[in-house]
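A quick write-up on the structure given underneath.
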Amino acid sequence: MNFLAAAKYICSPNCNERPSFEVSLLVIHNISLPAGEFENDYIEQFFTNQLDFNQHPYFKTLSKMKVSAHLLIKRDGSILQFVPFNKRAWHAGKSNFKGRENCNDFSIGIELEGADDIEYTSAQYKALGSSIKALKSHYPLTDIVGHSDIAPGRKTDPGSAFDWSKIDEYR
């Protein structure tokens with residue numbers, strides 16, 4: 001399974017071939033553009049290199065970045081897929097998990113439209129749970145972590161607002 005049936009596919013060029021590592025890690029992130037603002041198309045534009053960096057002062061700080069994730073779960077629970085699961089999405093950056101560097105090599109990245117300190121929606125938790133269930137039926141995912149777990153000191157997402165107990169049954 002390279003695509004999630006429940007997701008709308010939007011192709012991101014910000015990916016490449018995975019090395020021969022087996023996919024075993026799921027990384028949960030958050031993103032909002034601009035920070036704390038939701039229900040716009042800026043994330044999709046950013047992940048597909050279409051973002052007009054002049055639309056907002058904050059966007060200028062992103063101008064040299066090439067980023068993607070496998071999935072984005074919007075506030076309403078809708079799911080967008082940017083990178084097939086067999087490809088390496090560029091979501092984790094400099095990272096380490098259990099002594100393995102470069103987590104992009106062996107992970108799937110899921111972004112939640114949100115911010116560290118803003119409560120996620122029940123629709124997002126429902127979509128995240130069903131996505132995890134589908135992924136675990138096709139990939140040997142042994143760990144589900146936050147971006148902060150693989151890049152401590154550099155990243156804080158999914159943040160204090162993320163309720164891990166709402167996905168316990170999938171972990």
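Convention: chains lettered A, B, ... in structure tokens order; per-chain residue numbering from 1; ligands numbered from 1 as shown.
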
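Excluding stretch 153-159 of chain A and any residue on its chain fewer than 6 positions from it, the residues at most 8 Å away by only C-alpha atoms are A:Ile28, A:His29, A:Asn30, A:Leu112, A:Ala115, A:Asp116, A:Asp117, A:Gly146, A:His147.
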
Write a file of the just-selected residues containing C-alpha atoms, as a short mmCIF file (atom, residue, chain, number, x, y, z; two decimals), in the first residue's frame.
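What follows is the written file out31.cif:
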data_model
loop_
_atom_site.label_atom_id
_atom_site.label_comp_id
_atom_site.auth_asym_id
_atom_site.auth_seq_id
_atom_site.Cartn_x
_atom_site.Cartn_y
_atom_site.Cartn_z
CA ILE A 28 3.43 12.78 14.41
CA HIS A 29 3.96 16.48 13.71
CA ASN A 30 1.93 19.66 13.67
CA LEU A 112 -1.76 17.49 11.99
CA ALA A 115 -0.07 24.09 16.99
CA ASP A 116 1.64 22.84 20.14
CA ASP A 117 -0.73 24.63 22.49
CA GLY A 146 6.22 12.86 18.20
CA HIS A 147 8.67 14.99 16.25
#

Please identify all polymer residues within 8 Å of stretch 10-12 of chain A, counting only C-alpha atoms, omitting same-chain residues fewer than 2 positions from it, and present them as an MDAnalysis selection string. chainID A and resid 8 14:15 47:49 68 80:83

Take the residues just selected and output them with N, CA and C atoms as an mmCIF file, in the first residue's frame.
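Written file, again29.cif:
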data_model
loop_
_atom_site.group_PDB
_atom_site.id
_atom_site.type_symbol
_atom_site.label_atom_id
_atom_site.label_comp_id
_atom_site.auth_asym_id
_atom_site.auth_seq_id
_atom_site.Cartn_x
_atom_site.Cartn_y
_atom_site.Cartn_z
ATOM 1 N N LYS A 8 -6.907 12.345 -0.158
ATOM 2 C CA LYS A 8 -6.811 13.007 -1.461
ATOM 3 C C LYS A 8 -5.317 13.164 -1.747
ATOM 4 N N ASN A 14 8.965 17.101 -2.935
ATOM 5 C CA ASN A 14 9.911 17.081 -1.820
ATOM 6 C C ASN A 14 9.982 15.691 -1.193
ATOM 7 N N CYS A 15 10.542 14.787 -1.974
ATOM 8 C CA CYS A 15 10.710 13.407 -1.530
ATOM 9 C C CYS A 15 11.771 12.761 -2.416
ATOM 10 N N PHE A 47 4.117 22.501 0.857
ATOM 11 C CA PHE A 47 4.582 21.134 0.589
ATOM 12 C C PHE A 47 4.761 20.849 -0.900
ATOM 13 N N THR A 48 4.177 21.686 -1.758
ATOM 14 C CA THR A 48 4.303 21.483 -3.205
ATOM 15 C C THR A 48 5.137 22.586 -3.867
ATOM 16 N N ASN A 49 5.840 23.365 -3.062
ATOM 17 C CA ASN A 49 6.722 24.438 -3.537
ATOM 18 C C ASN A 49 5.967 25.507 -4.339
ATOM 19 N N SER A 68 8.025 18.176 3.195
ATOM 20 C CA SER A 68 6.807 17.439 2.873
ATOM 21 C C SER A 68 6.514 16.489 4.024
ATOM 22 N N LEU A 80 -4.961 14.592 3.441
ATOM 23 C CA LEU A 80 -4.247 14.818 2.186
ATOM 24 C C LEU A 80 -2.967 13.998 2.223
ATOM 25 N N GLN A 81 -2.645 13.379 1.111
ATOM 26 C CA GLN A 81 -1.387 12.635 1.009
ATOM 27 C C GLN A 81 -0.503 13.331 -0.010
ATOM 28 N N PHE A 82 0.748 13.584 0.386
ATOM 29 C CA PHE A 82 1.687 14.295 -0.473
ATOM 30 C C PHE A 82 2.777 13.398 -1.045
ATOM 31 N N VAL A 83 3.095 12.323 -0.344
ATOM 32 C CA VAL A 83 4.190 11.437 -0.749
ATOM 33 C C VAL A 83 3.721 9.994 -0.575
#

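What separates atom CA of A:Ile43 from atom CA of A:Gln124 is a distance of 16.0 Å.
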
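Among the candidates A:Ala6, A:Val27, A:Leu51, A:Ile73, the residue lying nearest to A:Asn104 is A:Val27 (atoms considered: only C-alpha atoms).
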
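Taking only C-alpha atoms, the non-local environment of A:Ala134 within 10 Å (same-chain residues fewer than 6 positions away omitted) comprises A:Met1, A:Leu4, A:Ala5, A:Ala6, A:Leu128.
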
Write a file of the selected residues as a PDB file, in the first residue's frame, keeping N, CA and C atoms.
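Now in out_5.pdb:
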ATOM      1  N   MET A   1       0.844  -1.176   0.000  1.00  0.00           N
ATOM      2  CA  MET A   1       0.000   0.000   0.000  1.00  0.00           C
ATOM      3  C   MET A   1       0.889   1.238   0.000  1.00  0.00           C
ATOM      4  N   LEU A   4      -3.036   5.937   0.857  1.00  0.00           N
ATOM      5  CA  LEU A   4      -4.135   5.730   1.783  1.00  0.00           C
ATOM      6  C   LEU A   4      -5.434   6.001   1.034  1.00  0.00           C
ATOM      7  N   ALA A   5      -6.331   5.019   1.014  1.00  0.00           N
ATOM      8  CA  ALA A   5      -7.569   5.140   0.246  1.00  0.00           C
ATOM      9  C   ALA A   5      -8.398   6.347   0.669  1.00  0.00           C
ATOM     10  N   ALA A   6      -8.369   6.697   1.940  1.00  0.00           N
ATOM     11  CA  ALA A   6      -9.189   7.799   2.455  1.00  0.00           C
ATOM     12  C   ALA A   6      -8.610   9.179   2.161  1.00  0.00           C
ATOM     13  N   LEU A 128      -6.677  10.308  12.392  1.00  0.00           N
ATOM     14  CA  LEU A 128      -5.349   9.799  12.740  1.00  0.00           C
ATOM     15  C   LEU A 128      -5.438   8.331  13.135  1.00  0.00           C
TER      16      LEU A 128
END

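Across A:Ile150, A:Leu62, A:Ile167, A:Leu141, the tightest approach to A:Ser95 is made by A:Ile150 when counting only C-alpha atoms.
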
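Minimum atom-to-atom distance to A:Val67, evaluated using only C-alpha atoms, belongs to A:Ala92 out of A:Val145, A:Leu33, A:Cys103, A:Ala92.
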
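Comparing the minimum interatomic distances between A:Gly77 and each of A:Tyr58, A:Tyr125, A:Phe3, A:Phe106, counting only C-alpha atoms, we find that A:Tyr125 sits nearest.
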
So which bits of chain A end up strand (DSSP E) when you DSSP the backbone, as JSON, numbers by chain? {"A": [8, 9, 15, 16, 17, 25, 26, 27, 28, 29, 30, 31, 71, 72, 73, 79, 80, 81, 87, 88, 89, 96, 97, 100, 101, 107, 108, 109, 110, 111, 112, 113, 143, 144, 145, 146]}

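Across the structure, atom CA of A:Ser78 and atom CA of A:Glu119 are spaced 16.8 Å apart.
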
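Between atom CA of A:Ala69 and atom CA of A:Gln50 the separation is 15.3 Å.
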
Could you tell me, as a PyMOL selection string, which residues of stretch 20-148 of chain A DSSP assigns to helix (DSSP H, G or I) when given the backbone? chain A and resi 42-47+57-62+103-106+122-136+147-148

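Minimum atom-to-atom distance to A:Ile118, evaluated using only C-alpha atoms, belongs to A:Phe162 out of A:Phe162, A:Tyr42, A:Trp90, A:Phe59.
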
Test item: residues at most 6 Å from A:Leu26, only C-alpha atoms, excluding those fewer than 2 positions along its chain, as a ChimeraX atom specification: /A:107-108,144
